[in-house]
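Notes to accompany the following structure.
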Amino acid sequence: MLQVGQPAPDFTLNTTTGEKFQLSSLRGRHVVLYFYPKDDTPGCTAQACSFRDQYEDFKDLGAEVVGISSDSEKSHQKFTAKHNLPFQLLADEKGDVRKLYEVPRALLGLLPGRVTYVIDNKGIIRYIFNSLSGATDHVRKTKEVLEGLPA
(Lines give C-alpha, C1' and ligand atoms only; values in the text may rest on other atoms or scores of the structure.)
Protein backbone atom coordinates (compact mmCIF):
# COMPACT_ATOMS: atom_id res chain seq x y z
CA MET A 1 0.00 0.00 0.00
CA LEU A 2 0.92 3.62 -0.32
CA GLN A 3 2.51 5.14 2.76
CA VAL A 4 1.88 8.17 4.93
CA GLY A 5 4.16 11.00 3.79
CA GLN A 6 4.00 10.08 0.10
CA PRO A 7 2.40 12.37 -2.48
CA ALA A 8 -1.11 11.24 -3.35
CA PRO A 9 -1.17 9.99 -6.95
CA ASP A 10 -3.17 12.26 -9.23
CA PHE A 11 -5.98 10.80 -11.32
CA THR A 12 -9.00 11.74 -13.40
CA LEU A 13 -12.38 9.98 -13.17
CA ASN A 14 -15.97 10.74 -14.13
CA THR A 15 -18.41 12.18 -11.60
CA THR A 16 -22.09 11.36 -11.27
CA THR A 17 -22.79 14.11 -13.82
CA GLY A 18 -20.30 12.73 -16.35
CA GLU A 19 -17.86 15.58 -15.77
CA LYS A 20 -14.16 14.91 -15.34
CA PHE A 21 -12.81 15.15 -11.80
CA GLN A 22 -9.07 15.52 -11.23
CA LEU A 23 -7.69 15.11 -7.71
CA SER A 24 -5.11 17.86 -8.21
CA SER A 25 -7.97 20.34 -8.76
CA LEU A 26 -8.52 20.21 -4.98
CA ARG A 27 -4.94 21.25 -4.14
CA GLY A 28 -5.12 23.84 -1.39
CA ARG A 29 -7.83 21.87 0.44
CA HIS A 30 -7.57 18.71 2.49
CA VAL A 31 -9.21 15.67 0.88
CA VAL A 32 -10.83 12.62 2.42
CA LEU A 33 -10.60 10.08 -0.38
CA TYR A 34 -12.46 6.91 0.45
CA PHE A 35 -12.65 3.70 -1.53
CA TYR A 36 -15.65 1.51 -0.82
CA PRO A 37 -16.92 -1.80 -2.21
CA LYS A 38 -20.40 -1.14 -3.65
CA ASP A 39 -23.27 1.33 -3.79
CA ASP A 40 -26.35 0.56 -1.70
CA THR A 41 -24.87 -2.24 0.38
CA PRO A 42 -25.41 -1.96 4.15
CA GLY A 43 -21.84 -1.01 5.17
CA CYS A 44 -21.27 1.31 2.22
CA THR A 45 -24.60 3.06 2.78
CA ALA A 46 -23.81 3.53 6.50
CA GLN A 47 -20.40 4.97 5.59
CA ALA A 48 -21.74 7.34 2.93
CA CYS A 49 -24.58 8.53 5.17
CA SER A 50 -22.15 9.10 8.04
CA PHE A 51 -19.97 11.25 5.76
CA ARG A 52 -23.15 13.03 4.65
CA ASP A 53 -24.31 13.69 8.20
CA GLN A 54 -20.93 15.15 9.16
CA TYR A 55 -20.14 16.78 5.80
CA GLU A 56 -20.37 20.33 7.18
CA ASP A 57 -17.86 19.40 9.89
CA PHE A 58 -15.46 18.21 7.20
CA LYS A 59 -15.96 21.41 5.22
CA ASP A 60 -15.32 23.45 8.40
CA LEU A 61 -12.03 21.55 8.73
CA GLY A 62 -11.07 22.62 5.20
CA ALA A 63 -11.67 19.20 3.67
CA GLU A 64 -13.57 17.83 0.72
CA VAL A 65 -14.96 14.27 0.80
CA VAL A 66 -14.71 12.11 -2.34
CA GLY A 67 -15.91 8.51 -2.65
CA ILE A 68 -14.73 5.97 -5.22
CA SER A 69 -16.05 2.55 -6.18
CA SER A 70 -16.18 0.46 -9.33
CA ASP A 71 -19.90 1.19 -9.73
CA SER A 72 -21.06 3.05 -12.84
CA GLU A 73 -21.98 6.73 -13.05
CA LYS A 74 -25.62 5.67 -13.26
CA SER A 75 -25.36 3.61 -10.07
CA HIS A 76 -23.66 6.54 -8.32
CA GLN A 77 -26.43 8.88 -9.51
CA LYS A 78 -29.10 6.67 -7.95
CA PHE A 79 -27.10 6.17 -4.74
CA THR A 80 -26.43 9.91 -4.43
CA ALA A 81 -30.07 10.84 -5.03
CA LYS A 82 -31.47 8.12 -2.75
CA HIS A 83 -29.31 9.19 0.21
CA ASN A 84 -28.96 12.91 -0.59
CA LEU A 85 -25.16 12.78 -0.66
CA PRO A 86 -23.56 16.26 -0.86
CA PHE A 87 -20.13 15.07 -2.05
CA GLN A 88 -18.73 13.56 -5.23
CA LEU A 89 -18.81 9.86 -6.00
CA LEU A 90 -16.44 8.80 -8.76
CA ALA A 91 -16.81 5.86 -11.13
CA ASP A 92 -13.67 3.71 -11.27
CA GLU A 93 -15.29 0.98 -13.36
CA LYS A 94 -12.00 -0.56 -14.52
CA GLY A 95 -10.42 -0.32 -11.07
CA ASP A 96 -7.44 1.69 -12.33
CA VAL A 97 -7.46 4.22 -9.48
CA ARG A 98 -8.02 1.46 -6.92
CA LYS A 99 -4.85 -0.17 -8.30
CA LEU A 100 -3.01 3.17 -8.36
CA TYR A 101 -3.80 3.61 -4.66
CA GLU A 102 -2.94 -0.03 -3.98
CA VAL A 103 -6.26 -0.70 -2.25
CA PRO A 104 -6.19 -4.37 -1.26
CA ARG A 105 -9.05 -6.75 -1.79
CA ALA A 106 -10.77 -8.15 1.31
CA LEU A 107 -12.34 -11.44 2.40
CA LEU A 108 -9.95 -13.78 0.59
CA GLY A 109 -9.77 -11.43 -2.37
CA LEU A 110 -13.49 -11.67 -3.09
CA LEU A 111 -14.50 -8.09 -2.23
CA PRO A 112 -13.00 -4.73 -3.09
CA GLY A 113 -11.42 -3.26 0.03
CA ARG A 114 -12.54 -0.27 2.08
CA VAL A 115 -9.67 2.18 2.53
CA THR A 116 -9.76 5.88 3.42
CA TYR A 117 -6.93 8.32 2.75
CA VAL A 118 -6.55 11.76 4.30
CA ILE A 119 -4.61 13.94 1.89
CA ASP A 120 -3.43 17.33 3.09
CA ASN A 121 -3.78 20.62 1.24
CA LYS A 122 -0.34 20.11 -0.35
CA GLY A 123 -1.28 16.71 -1.79
CA ILE A 124 0.57 14.56 0.77
CA ILE A 125 -1.01 11.46 2.31
CA ARG A 126 -1.33 12.08 6.06
CA TYR A 127 -3.42 9.09 7.16
CA ILE A 128 -4.55 5.71 5.80
CA PHE A 129 -7.30 3.62 7.37
CA ASN A 130 -7.90 0.13 5.99
CA SER A 131 -10.88 -1.75 7.41
CA LEU A 132 -13.73 -3.52 5.64
CA SER A 133 -15.77 -3.72 8.84
CA GLY A 134 -16.62 -0.70 10.95
CA ALA A 135 -17.51 1.45 7.95
CA THR A 136 -18.46 4.44 10.08
CA ASP A 137 -15.13 4.24 11.94
CA HIS A 138 -13.58 5.62 8.74
CA VAL A 139 -15.56 8.82 9.24
CA ARG A 140 -14.72 9.25 12.91
CA LYS A 141 -11.01 8.52 12.51
CA THR A 142 -10.49 10.75 9.47
CA LYS A 143 -12.26 13.61 11.21
CA GLU A 144 -9.90 13.23 14.20
CA VAL A 145 -6.88 13.35 11.85
CA LEU A 146 -8.19 16.46 10.09
CA GLU A 147 -8.65 18.21 13.42
CA GLY A 148 -4.89 17.88 13.93
CA LEU A 149 -3.89 19.29 10.53
CA PRO A 150 -3.29 23.00 9.95
CA ALA A 151 -6.00 24.52 7.73
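Just remember, in the C-alpha coordinates the first chain shown is A, the second B, etc., residues are 1-based per chain, and ligands are 1-based in the order shown.
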When DSSP works through the backbone of this structure, what residues of chain A end up as strand (DSSP E or B), shown as JSON, numbers by chain? {"A": [7, 12, 13, 14, 20, 21, 22, 30, 31, 32, 33, 34, 35, 63, 64, 65, 66, 67, 68, 69, 88, 89, 90, 91, 105, 106, 111, 112, 115, 116, 117, 118, 119, 124, 125, 126, 127, 128, 129, 130]}
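By chain and then residue number, the residues within 12 Å of Arg140 (chain A) are Val32, Gln47, Ser50, Phe51, Asp53, Gln54, Tyr55, Asp57, Phe58, Thr116, Phe129, Gly134, Ala135, Thr136, Asp137, His138, Thr142, Lys143, Glu144, Val145, Leu146 and Glu147 of chain A, counting only C-alpha atoms and disregarding those fewer than 2 positions away in sequence.
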Close residues, Leu89 (chain A) itself excluded, 12 Å, only C-alpha atoms, min 3 positions apart in chain, as a ChimeraX atom specification: /A:13-21,32-36,38-39,48,51-52,64-81,84-86,92
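You can rank A:Gln6, A:Asp120, A:Phe11, A:Ala151 by their closest distance to Leu100 (chain A) using only C-alpha atoms, and at the top of that list sits A:Phe11.
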